[in-house]
>>> print(open('start37.cif').read())   # mmCIF, C-alpha atoms
data_target
#
loop_
_atom_site.label_atom_id
_atom_site.label_comp_id
_atom_site.auth_asym_id
_atom_site.auth_seq_id
_atom_site.Cartn_x
_atom_site.Cartn_y
_atom_site.Cartn_z
CA MET A 240 55.81 118.60 27.17
CA THR A 241 55.39 117.17 30.67
CA ARG A 242 56.48 113.55 30.75
CA ARG A 243 55.24 110.99 33.24
CA ILE A 244 58.43 109.43 34.60
CA GLY A 245 59.10 106.31 36.66
CA ILE A 246 62.34 104.97 38.06
CA VAL A 247 63.41 101.46 39.02
CA LEU A 248 65.85 101.09 41.91
CA SER A 249 67.83 97.93 42.45
CA GLY A 250 71.40 96.99 43.02
CA TRP A 251 73.81 95.66 45.56
CA ALA A 252 73.72 96.77 49.19
CA PRO A 253 77.33 98.03 49.45
CA ALA A 254 76.56 100.41 46.57
CA MET A 255 73.29 101.72 48.03
CA THR A 256 74.63 105.29 48.20
CA LEU A 257 75.09 105.23 44.43
CA MET A 258 71.28 105.14 44.27
CA SER A 259 70.73 107.64 47.10
CA GLY A 260 73.18 110.05 45.45
CA ALA A 261 71.29 109.69 42.16
CA MET A 262 67.98 110.40 43.88
CA LEU A 263 69.51 113.49 45.50
CA GLY A 264 70.64 114.68 42.08
CA PHE A 265 67.20 114.16 40.55
CA ILE A 266 65.49 115.93 43.47
CA GLU A 267 67.81 118.91 43.13
CA GLN A 268 67.12 119.09 39.39
CA GLY A 269 63.36 119.04 40.00
CA VAL A 270 62.83 115.63 38.39
CA GLU A 271 59.87 114.05 40.15
CA PHE A 272 58.84 110.43 39.69
CA GLU A 273 55.23 109.31 39.48
CA VAL A 274 56.36 105.74 40.19
CA ILE A 275 59.29 104.32 42.15
CA SER A 276 59.55 100.55 41.67
CA THR A 277 62.16 98.75 43.76
CA THR A 278 63.75 95.47 44.65
CA GLY A 279 66.30 94.51 47.31
CA VAL A 280 68.17 97.41 48.87
CA GLY A 281 66.57 99.76 46.34
CA ALA A 282 63.48 99.58 48.57
CA LEU A 283 65.23 101.59 51.29
CA ILE A 284 66.20 104.34 48.82
CA GLY A 285 62.68 104.53 47.41
CA LEU A 286 61.09 104.63 50.85
CA LEU A 287 63.40 107.41 52.01
CA ALA A 288 62.58 109.41 48.88
CA LEU A 289 58.85 109.10 49.62
CA ALA A 290 58.36 108.68 53.36
CA PRO A 291 61.36 109.59 55.54
CA LYS A 292 60.98 109.73 59.29
CA SER A 293 62.95 113.00 59.46
CA GLY A 294 61.26 115.40 61.87
CA ALA A 295 57.50 115.19 62.21
CA ARG A 296 55.46 113.05 59.88
CA SER A 297 55.86 115.38 56.94
CA ALA A 298 56.48 113.14 53.96
CA GLY A 299 52.82 112.87 53.07
CA ALA A 300 50.95 114.85 50.45
CA ALA A 301 49.74 117.36 53.07
CA ALA A 302 53.27 118.37 54.03
CA ALA A 303 54.57 121.78 53.05
CA PRO A 304 56.71 121.41 49.90
CA ALA A 305 59.77 122.98 51.55
CA ALA A 306 59.54 120.67 54.57
CA ARG A 307 59.00 117.62 52.38
CA PHE A 308 62.00 118.53 50.22
CA ARG A 309 64.17 119.06 53.31
CA ASN A 310 63.14 115.79 54.93
CA ARG A 311 63.74 113.73 51.80
CA VAL A 312 67.18 115.23 51.27
CA THR A 313 68.13 114.85 54.94
CA ALA A 314 67.06 111.20 55.02
CA LEU A 315 68.89 110.27 51.83
CA LYS A 316 72.04 112.06 52.95
CA GLU A 317 72.04 110.06 56.19
CA LEU A 318 72.95 106.75 54.51
CA PRO A 319 76.77 107.04 54.69
CA ASN A 320 76.36 106.74 58.46
CA LEU A 321 75.20 103.15 57.91
CA PHE A 322 78.70 102.32 56.71
CA VAL A 323 81.72 101.49 58.85
CA SER A 324 84.69 103.56 59.93
CA ASP A 325 87.57 102.98 57.52
CA LEU A 326 89.90 102.34 60.46
CA ILE A 327 87.75 99.52 61.88
CA TYR A 328 86.96 98.06 58.46
CA SER A 329 90.66 97.73 57.67
CA LEU A 330 90.87 95.25 60.58
CA LEU A 331 87.37 93.75 60.46
CA PRO A 332 85.82 93.92 56.94
CA ILE A 333 82.20 93.38 58.02
CA ASN A 334 79.34 95.86 58.29
CA PHE A 335 78.30 95.08 61.88
CA LYS A 336 76.03 98.15 61.78
CA ILE A 337 73.60 96.45 59.36
CA PHE A 338 74.35 92.73 59.62
CA HIS A 339 73.66 91.29 63.07
CA LYS A 340 74.02 87.95 64.79
CA PHE A 341 71.23 85.46 64.25
CA GLY A 342 68.81 84.91 67.10
CA PRO A 343 66.01 86.38 69.26
CA PHE A 344 68.41 88.65 71.17
CA SER A 345 69.47 90.55 68.08
CA LYS A 346 66.62 93.08 67.85
CA PRO A 347 66.52 93.99 71.58
CA MET A 348 70.27 94.57 71.55
CA GLN A 349 69.98 96.72 68.41
CA GLU A 350 67.19 98.79 69.96
CA LEU A 351 69.24 99.30 73.13
CA ARG A 352 72.24 100.30 71.05
CA ASP A 353 70.18 102.79 69.04
CA ARG A 354 69.12 104.60 72.23
CA LEU A 355 72.68 105.38 73.25
CA PRO A 356 73.93 108.94 72.58
CA ARG A 357 76.55 109.40 69.86
CA ILE A 358 78.96 112.10 68.81
CA PRO A 359 77.09 114.25 66.25
CA LEU A 360 78.64 113.76 62.82
CA ASP A 361 77.76 115.05 59.39
CA PRO A 362 77.16 111.95 57.25
CA ARG A 363 79.88 113.04 54.79
CA ASP A 364 82.43 114.02 57.45
CA PRO A 365 85.26 111.41 57.61
CA SER A 366 86.32 112.48 61.16
CA PRO A 367 88.41 109.30 61.63
CA ILE A 368 88.62 109.42 65.43
CA ARG A 369 85.03 110.47 66.18
CA ARG A 370 83.66 108.02 63.61
CA LEU A 371 85.86 105.31 65.13
CA MET A 372 84.42 106.06 68.60
CA ASN A 373 80.82 105.97 67.38
CA ASP A 374 81.30 102.76 65.42
CA TRP A 375 83.15 101.13 68.30
CA VAL A 376 79.89 101.25 70.28
CA ASP A 377 78.12 99.39 67.47
CA LEU A 378 80.91 96.83 67.31
CA VAL A 379 80.78 96.18 71.07
CA PHE A 380 77.01 95.66 71.01
CA CYS A 381 77.32 93.33 68.03
CA ALA A 382 80.02 91.32 69.82
CA LEU A 383 78.00 91.11 73.07
CA THR A 384 74.78 89.98 71.37
CA PRO A 385 74.12 86.31 72.28
CA SER A 386 73.56 84.15 69.20
CA THR A 387 71.47 81.00 68.80
CA PHE A 388 72.97 80.20 65.39
CA GLU A 389 73.39 76.51 64.60
CA LEU A 390 73.51 74.43 61.45
CA LYS A 391 69.72 74.12 61.29
CA SER A 392 69.34 77.93 61.29
CA GLN A 393 67.86 79.28 58.06
CA GLY A 394 70.13 82.33 57.80
CA LEU A 395 73.43 83.67 59.02
CA MET A 396 72.06 86.95 60.36
CA SER A 397 69.01 88.75 61.76
CA PRO A 398 67.40 91.78 60.08
CA GLY A 399 68.58 95.24 61.08
CA THR A 400 66.52 98.12 62.48
CA GLU A 401 67.60 100.75 59.95
CA ALA A 402 64.25 100.84 58.11
CA GLU A 403 62.29 101.19 61.37
CA ARG A 404 64.52 104.10 62.38
CA LEU A 405 64.51 105.91 59.04
CA VAL A 406 61.19 105.18 57.28
CA ASP A 407 57.70 106.42 58.14
CA PHE A 408 55.68 103.42 56.94
CA ALA A 409 52.40 104.93 58.12
CA GLY A 410 53.14 108.15 56.21
CA LEU A 411 53.97 106.17 53.07
CA LYS A 412 50.27 105.66 52.31
CA ALA A 413 49.75 109.44 52.02
CA ALA A 414 52.98 110.13 50.11
CA ASP A 415 52.94 111.60 46.63
CA GLY A 416 53.62 109.11 43.86
CA ARG A 417 53.25 105.36 43.58
CA PHE A 418 55.64 102.83 45.10
CA TYR A 419 56.35 99.13 44.55
CA VAL A 420 58.68 96.58 46.10
CA ASN A 421 58.82 92.89 45.22
CA ALA A 422 59.46 89.68 47.14
CA PHE A 423 59.29 86.02 46.12
CA ASP A 424 56.67 83.74 47.69
CA LEU A 425 58.26 80.35 48.42
CA ASN A 426 54.92 78.64 49.00
CA LYS A 427 53.16 79.84 45.84
CA GLY A 428 56.21 80.15 43.61
CA VAL A 429 55.25 83.64 42.42
CA LEU A 430 56.63 87.15 42.73
CA GLN A 431 54.56 89.27 45.09
CA ILE A 432 54.46 93.00 44.39
CA PHE A 433 53.65 95.29 47.31
CA ASP A 434 52.37 98.82 46.65
CA LYS A 435 52.55 101.73 49.08
CA ASN A 436 49.34 100.66 50.82
CA SER A 437 50.60 97.14 51.53
CA THR A 438 54.28 97.89 52.21
CA ASP A 439 55.16 97.60 55.89
CA ILE A 440 58.22 96.58 57.87
CA ASP A 441 57.57 92.87 57.19
CA ALA A 442 57.38 93.48 53.43
CA TYR A 443 60.62 95.44 53.66
CA HIS A 444 62.39 92.62 55.52
CA ALA A 445 61.05 90.14 52.97
CA ALA A 446 62.57 92.25 50.19
CA GLN A 447 65.97 92.05 51.91
CA ALA A 448 65.84 88.32 52.76
CA LEU A 449 68.63 87.12 50.47
CA PRO A 450 69.04 83.34 50.95
CA VAL A 451 72.00 82.28 53.11
CA LEU A 452 72.31 85.74 54.65
CA PHE A 453 68.75 86.03 56.02
CA ALA A 454 66.00 83.55 56.84
CA PRO A 455 62.78 83.83 54.83
CA GLN A 456 60.26 86.35 56.22
CA ARG A 457 57.02 84.90 57.56
CA MET A 458 54.11 87.26 56.88
CA GLU A 459 50.98 87.62 59.01
CA ASN A 460 48.91 85.73 56.44
CA GLY A 461 51.33 82.80 56.54
CA ASP A 462 53.19 83.56 53.29
CA LEU A 463 56.92 82.79 53.39
CA LEU A 464 58.93 85.31 51.37
CA THR A 465 62.50 85.93 50.29
CA THR A 466 63.98 88.79 48.29
CA GLY A 467 62.54 89.43 44.85
CA ALA A 468 66.03 90.39 43.67
CA THR A 469 66.67 86.73 42.84
CA HIS A 470 63.69 86.65 40.44
CA ASP A 471 63.24 90.21 39.14
CA PRO A 472 66.24 92.27 40.24
CA THR A 473 65.16 95.22 38.07
CA GLY A 474 61.77 96.16 39.53
CA LEU A 475 60.47 96.31 35.95
CA GLN A 476 57.80 93.64 36.43
CA ALA A 477 55.68 96.04 38.50
CA ILE A 478 55.94 98.60 35.68
CA TRP A 479 55.11 95.99 33.06
CA LEU A 480 52.03 94.77 34.94
CA ASN A 481 50.66 97.93 36.57
CA GLU A 482 51.95 101.06 34.82
CA ARG A 483 52.00 100.40 31.07
CA ALA A 484 49.42 103.09 30.31
CA ASN A 485 50.37 105.47 33.11
CA LEU A 486 54.00 106.34 32.27
CA ASP A 487 55.84 107.73 29.29
CA MET A 488 59.34 106.66 30.35
CA VAL A 489 61.25 104.67 32.94
CA ILE A 490 64.78 105.39 34.15
CA MET A 491 67.10 102.58 35.18
CA LEU A 492 70.60 103.05 36.58
CA ASP A 493 73.42 101.24 34.80
CA PRO A 494 73.67 97.85 36.60
CA LEU A 495 77.48 98.10 36.32
CA SER A 496 77.81 94.43 35.49
CA ALA A 497 81.53 94.87 34.75
CA ALA A 498 82.05 95.66 38.44
CA ILE A 499 80.79 92.16 39.30
CA TRP A 500 81.94 90.16 36.27
CA ARG A 501 85.63 90.35 37.16
CA GLU A 502 88.47 88.59 38.91
CA PRO A 503 88.09 88.62 42.73
CA ALA A 504 90.61 90.61 44.77
CA ASN A 505 90.56 88.17 47.72
CA ILE A 506 88.41 85.48 49.33
CA HIS A 507 86.08 88.02 50.97
CA ASP A 508 85.60 89.74 47.62
CA ALA A 509 85.03 86.34 45.97
CA PHE A 510 82.23 85.54 48.45
CA GLN A 511 80.44 88.80 47.62
CA LEU A 512 80.88 88.21 43.88
CA MET A 513 79.41 84.72 44.31
CA LEU A 514 76.24 86.24 45.80
CA LEU A 515 75.94 89.09 43.32
CA ASN A 516 76.97 87.51 40.02
CA PRO A 517 73.68 85.69 39.28
CA VAL A 518 71.61 88.67 40.46
CA VAL A 519 73.42 91.14 38.21
CA THR A 520 73.27 88.68 35.30
CA LEU A 521 69.51 88.30 35.68
CA GLN A 522 69.16 92.07 36.01
CA THR A 523 70.89 92.71 32.69
CA ILE A 524 68.90 89.97 30.93
CA VAL A 525 65.50 91.16 32.21
CA ALA A 526 66.34 94.74 31.22
CA ALA A 527 67.40 93.52 27.77
CA LEU A 528 64.12 91.62 27.36
CA TYR A 529 62.15 94.73 28.36
CA ALA A 530 64.23 96.81 25.92
CA ARG A 531 63.50 94.42 23.04
CA ALA A 532 59.77 94.56 23.83
CA ASP A 533 60.02 98.36 23.99
CA HIS A 534 61.77 98.31 20.59
CA LEU A 535 59.11 96.05 19.13
CA ALA A 536 56.31 98.34 20.34
CA ALA A 537 58.10 101.35 18.86
CA ARG A 538 58.45 99.60 15.49
CA LEU A 539 54.82 98.52 15.35
CA GLY A 540 53.56 101.92 16.52
CA SER A 541 49.80 102.33 16.64
CA ASP A 542 49.23 98.97 14.90
CA LYS A 543 49.78 97.15 18.22
CA PRO A 544 48.90 99.55 21.06
CA GLU A 545 48.45 96.60 23.42
CA LEU A 546 52.22 96.05 23.23
CA LYS A 547 53.08 99.58 24.37
CA LEU A 548 55.55 99.92 27.21
CA PRO A 549 56.97 103.02 28.89
CA ALA A 550 60.25 103.74 27.11
CA LEU A 551 63.25 102.48 29.07
CA TYR A 552 66.31 104.71 29.48
CA GLN A 553 69.55 103.69 31.15
CA MET A 554 71.50 106.27 33.13
CA PRO A 555 75.25 105.78 32.66
CA ILE A 556 77.57 105.87 35.66
CA ALA A 557 81.23 106.57 35.04
CA ILE A 558 83.53 104.64 37.39
CA ASP A 559 87.13 103.69 36.71
CA LYS A 560 87.41 99.90 36.54
CA LYS A 561 90.33 100.08 38.98
CA TYR A 562 87.79 101.15 41.61
CA PHE A 563 85.43 98.19 41.05
CA PRO A 564 86.75 96.04 43.96
CA LYS A 565 86.38 99.03 46.31
CA MET A 566 82.69 99.35 45.42
CA LEU A 567 81.86 96.31 47.56
CA ASP A 568 83.57 97.72 50.66
CA TRP A 569 81.29 98.78 53.50
CA THR A 570 83.57 101.72 54.33
CA HIS A 571 82.40 105.24 54.99
CA SER A 572 84.80 106.61 52.38
CA ASN A 573 83.32 104.29 49.73
CA ALA A 574 79.79 105.34 50.68
CA VAL A 575 80.63 109.02 50.24
CA ALA A 576 82.51 108.40 46.98
CA LEU A 577 79.60 106.47 45.45
CA GLU A 578 77.06 109.03 46.66
CA THR A 579 79.05 111.75 44.89
CA ILE A 580 79.29 109.70 41.69
CA GLY A 581 75.55 108.93 41.73
CA TYR A 582 74.68 112.57 42.35
CA HIS A 583 76.76 113.95 39.49
CA SER A 584 75.58 111.20 37.15
CA ALA A 585 71.92 112.06 37.84
CA VAL A 586 72.50 115.81 37.47
CA ALA A 587 74.15 115.29 34.08
CA PHE A 588 71.41 112.85 33.02
CA ALA A 589 68.64 115.26 34.04
CA GLU A 590 70.37 118.10 32.21
CA SER A 591 70.57 116.02 29.02
CA MET A 592 66.79 115.49 29.11
CA LYS A 593 66.30 119.10 28.04
CA ASP A 594 67.24 118.14 24.47
CA PHE A 595 64.92 115.17 24.37
CA ALA A 596 65.54 114.07 20.79
CA LYS A 597 69.27 113.75 21.46
CA PHE A 598 68.55 112.25 24.88
CA ASP A 599 66.32 109.56 23.34
CA GLU A 600 68.92 108.73 20.72
CA THR A 601 71.66 108.43 23.32
CA TYR A 602 70.06 106.74 26.32
CA ARG A 603 67.09 104.67 25.05
CA HIS A 604 68.13 101.28 26.35
CA TYR A 605 67.19 99.22 23.29
CA ARG A 606 69.63 101.26 21.22
CA ASN A 607 72.48 100.07 23.43
CA VAL A 608 71.57 96.40 23.79
CA GLU A 609 73.31 95.29 20.63
CA LYS A 610 76.45 97.27 21.52
CA ASP A 611 76.94 95.42 24.80
CA THR A 612 78.79 92.13 24.38
CA ARG A 613 76.73 90.07 26.83
CA LEU A 614 73.40 91.72 26.03
CA GLY A 615 74.10 91.45 22.33
CA GLN A 616 74.80 87.75 22.79
CA PHE A 617 71.53 87.28 24.66
CA SER A 618 69.61 89.51 22.26
CA LYS A 619 70.60 87.35 19.28
CA VAL A 620 68.79 84.42 20.89
CA LEU A 621 65.58 86.47 20.88
CA ASN A 622 65.98 88.10 17.47
CA PRO A 623 64.13 85.40 15.46
CA MET A 624 61.09 85.65 17.74
CA PHE A 625 60.91 89.44 17.60
CA GLU A 626 61.53 89.52 13.87
CA ARG A 627 58.67 87.11 13.20
CA ILE A 628 56.25 89.26 15.20
CA THR A 629 57.00 92.23 12.94
CA GLU A 630 56.51 90.27 9.72
CA ARG A 631 53.47 91.47 7.78
CA PRO A 632 52.12 89.68 4.70
CA ASN A 633 51.83 91.77 1.57
CA PRO A 634 50.75 90.98 -1.98
CA ALA A 635 54.28 90.21 -3.02
CA GLY A 636 54.68 87.83 -0.12
CA GLN A 637 57.59 89.82 1.23
CA ARG A 638 58.29 90.96 4.76
CA GLY A 639 57.13 94.39 5.84
CA ASP A 640 59.44 95.41 8.64
CA ASP A 641 59.31 98.86 10.18
CA GLY A 642 62.87 98.88 11.37
#
>>> encode(input="start37.cif", output="structure tokens")
Amino acid sequence: MTRRIGIVLSGWAPAMTLMSGAMLGFIEQGVEFEVISTTGVGALIGLLALAPKSGARSAGAAAAPAARFRNRVTALKELPNLFVSDLIYSLLPINFKIFHKFGPFSKPMQELRDRLPRIPLDPRDPSPIRRLMNDWVDLVFCALTPSTFELKSQGLMSPGTEAERLVDFAGLKAADGRFYVNAFDLNKGVLQIFDKNSTDIDAYHAAQALPVLFAPQRMENGDLLTTGATHDPTGLQAIWLNERANLDMVIMLDPLSAAIWREPANIHDAFQLMLLNPVVTLQTIVAALYARADHLAARLGSDKPELKLPALYQMPIAIDKKYFPKMLDWTHSNAVALETIGYHSAVAFAESMKDFAKFDETYRHYRNVEKDTRLGQFSKVLNPMFERITERPNPAGQRGDDG
């Protein structure tokens, strides 16, 4: 049986290669997604999987399959180069390659920096000295960029140019599969969902505009947007609204909440946890709500087809808890380590899909909600509501539950 599969990509920026590694694993295993729904940094991974700027414009549907496969893989494998040399990061724990000084001079300086030649490096090659030399150029340009930051500024930093360098936004419209990314409209108080025809560089920057770090993104039509990760950090709302009848299943990566719900290692780590804690909490709660609705639809079966949702499956990711503080480091070594973990996790997950009955029993998200301490706690709040929906009157006046 051919299943129509979607995937939702979200998460925290320092762990972006966990998602890119997973996508590489799925691509290698021949798992293709009809829908990629994203939020926050997940947008970059989804865009690279659909419309990379590698070589000629070859990500569209007209591209030769071999060329399209090669370009997607090449683009996704490039992401560790967005991270910082371990040697520099040990002295200056900031990703100056992505986060740039606030002000109108930021983009011209980034574009000038991007035109400079660099020492060719395989994205996975540690090469401490050569990587140090390449990253030193980025650091110098970041330091020399004039800043107009003052207390009335709306964000600490200006957007980076990585998406413009890596993504073919024009080719996205012709790419195979459907794509979504969300952003929150501050004027209307609603979540905007962009599809592949409406996603451009402004929509991408809006999806990354986390308050405090980046100013809201002003769109051409006057809308003022910030990241949708603060309102739906799962990307599931686009599935819920637009793809209920078009998909059989949706894959979500483990949000790894335990990596964020922990004691900080230092003040820098505490700052990152402060930003991520509410996002990860909302992510787990929204996924749990979706899982309960999925469970309800499964229990009611054909009696309530209007409640049907694509089944939600969570892909586990095995990481030793001792490594959790390292996951927020913007180091090249961390990027490669997470890419490897994501890749092997996706390969194992795709392999397990071959025995679908066992796969469904093991990874269907609603089966795991009650087992998780926090999700179980939240789920109990919703239980009375879901139980009442499944009540059916019968002659004896007793409940008629399916589950």
>>> closest_residue(input="start37.cif", among="A:Leu289, A:Leu521, A:Leu464, A:Ala422", to="Asp407 (chain A)", atoms="all atoms listed in the file")
A:Leu289
>>> resolve_selection(input="start37.cif", expression="the PyMOL selection byres ((chain A and resi 310-314) around 7)", output="PyMOL selection string")
chain A and resi 263+287-288+291+293+306-309+315-317
>>> closest_residue(input="start37.cif", among="A:Leu463, A:Leu452, A:Ile275, A:Ile337", to="Phe423 (chain A)", atoms="only C-alpha atoms")
A:Leu463
>>> residues_around(input="start37.cif", residues="Val489 (chain A)", least_positions_apart="3", cutoff="10 Å", atoms="all atoms listed in the file", output="number ranges by chain")
A: 243-247, 272, 274-276, 475, 478, 486, 548-553, 603
>>> resolve_selection(input="start37.cif", expression="the PyMOL selection byres ((chain A and resi 571) around 7)", output="MDAnalysis selection string")
chainID A and resid 319 322:325 569:570 572:575
>>> resolve_selection(input="start37.cif", expression="the PyMOL selection byres ((chain A and resi 373) around 12)", output="number ranges by chain")
A: 320-324, 326-327, 336, 352-353, 355-360, 366-372, 374-380
>>> write_last_selection(input="start37.cif", atoms="C-alpha atoms", output="mmCIF file, in the frame of the given file")
data_model
loop_
_atom_site.group_PDB
_atom_site.id
_atom_site.type_symbol
_atom_site.label_atom_id
_atom_site.label_comp_id
_atom_site.auth_asym_id
_atom_site.auth_seq_id
_atom_site.Cartn_x
_atom_site.Cartn_y
_atom_site.Cartn_z
ATOM 1 C CA ASN A 320 76.360 106.740 58.460
ATOM 2 C CA LEU A 321 75.200 103.150 57.910
ATOM 3 C CA PHE A 322 78.700 102.320 56.710
ATOM 4 C CA VAL A 323 81.720 101.490 58.850
ATOM 5 C CA SER A 324 84.690 103.560 59.930
ATOM 6 C CA LEU A 326 89.900 102.340 60.460
ATOM 7 C CA ILE A 327 87.750 99.520 61.880
ATOM 8 C CA LYS A 336 76.030 98.150 61.780
ATOM 9 C CA ARG A 352 72.240 100.300 71.050
ATOM 10 C CA ASP A 353 70.180 102.790 69.040
ATOM 11 C CA LEU A 355 72.680 105.380 73.250
ATOM 12 C CA PRO A 356 73.930 108.940 72.580
ATOM 13 C CA ARG A 357 76.550 109.400 69.860
ATOM 14 C CA ILE A 358 78.960 112.100 68.810
ATOM 15 C CA PRO A 359 77.090 114.250 66.250
ATOM 16 C CA LEU A 360 78.640 113.760 62.820
ATOM 17 C CA SER A 366 86.320 112.480 61.160
ATOM 18 C CA PRO A 367 88.410 109.300 61.630
ATOM 19 C CA ILE A 368 88.620 109.420 65.430
ATOM 20 C CA ARG A 369 85.030 110.470 66.180
ATOM 21 C CA ARG A 370 83.660 108.020 63.610
ATOM 22 C CA LEU A 371 85.860 105.310 65.130
ATOM 23 C CA MET A 372 84.420 106.060 68.600
ATOM 24 C CA ASP A 374 81.300 102.760 65.420
ATOM 25 C CA TRP A 375 83.150 101.130 68.300
ATOM 26 C CA VAL A 376 79.890 101.250 70.280
ATOM 27 C CA ASP A 377 78.120 99.390 67.470
ATOM 28 C CA LEU A 378 80.910 96.830 67.310
ATOM 29 C CA VAL A 379 80.780 96.180 71.070
ATOM 30 C CA PHE A 380 77.010 95.660 71.010
#
>>> closest_residue(input="start37.cif", among="A:Ala445, A:Ile558, A:Leu248, A:Val420", to="Met262 (chain A)", atoms="all atoms listed in the file")
A:Leu248
>>> residues_around(input="start37.cif", residues="region 338-345 of chain A", least_positions_apart="3", cutoff="12 Å", atoms="all atoms listed in the file", output="JSON, numbers by chain")
{"A": [252, 253, 321, 322, 323, 332, 333, 334, 335, 348, 349, 350, 351, 352, 377, 378, 379, 380, 381, 382, 383, 384, 385, 386, 387, 388, 389, 390, 391, 392, 393, 394, 395, 396, 397, 398, 399, 400, 401, 447, 448, 451, 452, 453, 454, 569]}
>>> residues_around(input="start37.cif", residues="Asn421 (chain A)", least_positions_apart="5", cutoff="6 Å", atoms="all atoms listed in the file", output="PDB file with C-alpha atoms, in the coordinates of the input")
ATOM      1  CA  THR A 278      63.750  95.470  44.650  1.00  0.00           C
ATOM      2  CA  GLN A 431      54.560  89.270  45.090  1.00  0.00           C
ATOM      3  CA  ILE A 432      54.460  93.000  44.390  1.00  0.00           C
ATOM      4  CA  GLY A 467      62.540  89.430  44.850  1.00  0.00           C
TER       5      GLY A 467
END
>>> atom_distance(input="start37.cif", atom1="CA of Ala557 (chain A)", atom2="CA of Ser496 (chain A)")
12.6 Å
>>> atom_distance(input="start37.cif", atom1="CA of Ala254 (chain A)", atom2="CA of Asp361 (chain A)")
19.5 Å
>>> atom_distance(input="start37.cif", atom1="CA of Arg531 (chain A)", atom2="CA of Tyr605 (chain A)")
6.1 Å
>>> closest_residue(input="start37.cif", among="A:Leu567, A:Met554, A:Met458, A:Leu495", to="Ser591 (chain A)", atoms="all atoms listed in the file")
A:Met554
>>> residues_around(input="start37.cif", residues="Met258 (chain A)", least_positions_apart="5", cutoff="9 Å", atoms="all atoms listed in the file", output="number ranges by chain")
A: 248-250, 263, 281, 284, 492, 577-578, 581-582
>>> closest_residue(input="start37.cif", among="A:Lys346, A:Lys547, A:Lys435, A:Lys560", to="Glu403 (chain A)", atoms="all atoms listed in the file")
A:Lys346
>>> closest_atom_pairs(input="start37.cif", of="region 530-617 of chain A", to="region 499-502 of chain A", cutoff="12 Å", atoms="all atoms listed in the file", output="tab-separated table")
residue	atom	partner	partner_atom	distance
A:Lys560	CA	A:Arg501	CA	9.7
A:Lys561	CA	A:Arg501	CA	11.0
A:Tyr562	CA	A:Ile499	CA	11.6
A:Phe563	CA	A:Ile499	CA	7.8
A:Pro564	CA	A:Ile499	CA	8.5
A:Lys565	CA	A:Ile499	CA	11.3
A:Met566	CA	A:Ile499	CA	9.6
A:Leu567	CA	A:Ile499	CA	9.3
A:Arg613	CA	A:Trp500	CA	10.8
>>> closest_residue(input="start37.cif", among="A:Phe408, A:Phe433, A:Tyr602, A:Tyr443", to="Ala290 (chain A)", atoms="all atoms listed in the file")
A:Phe408
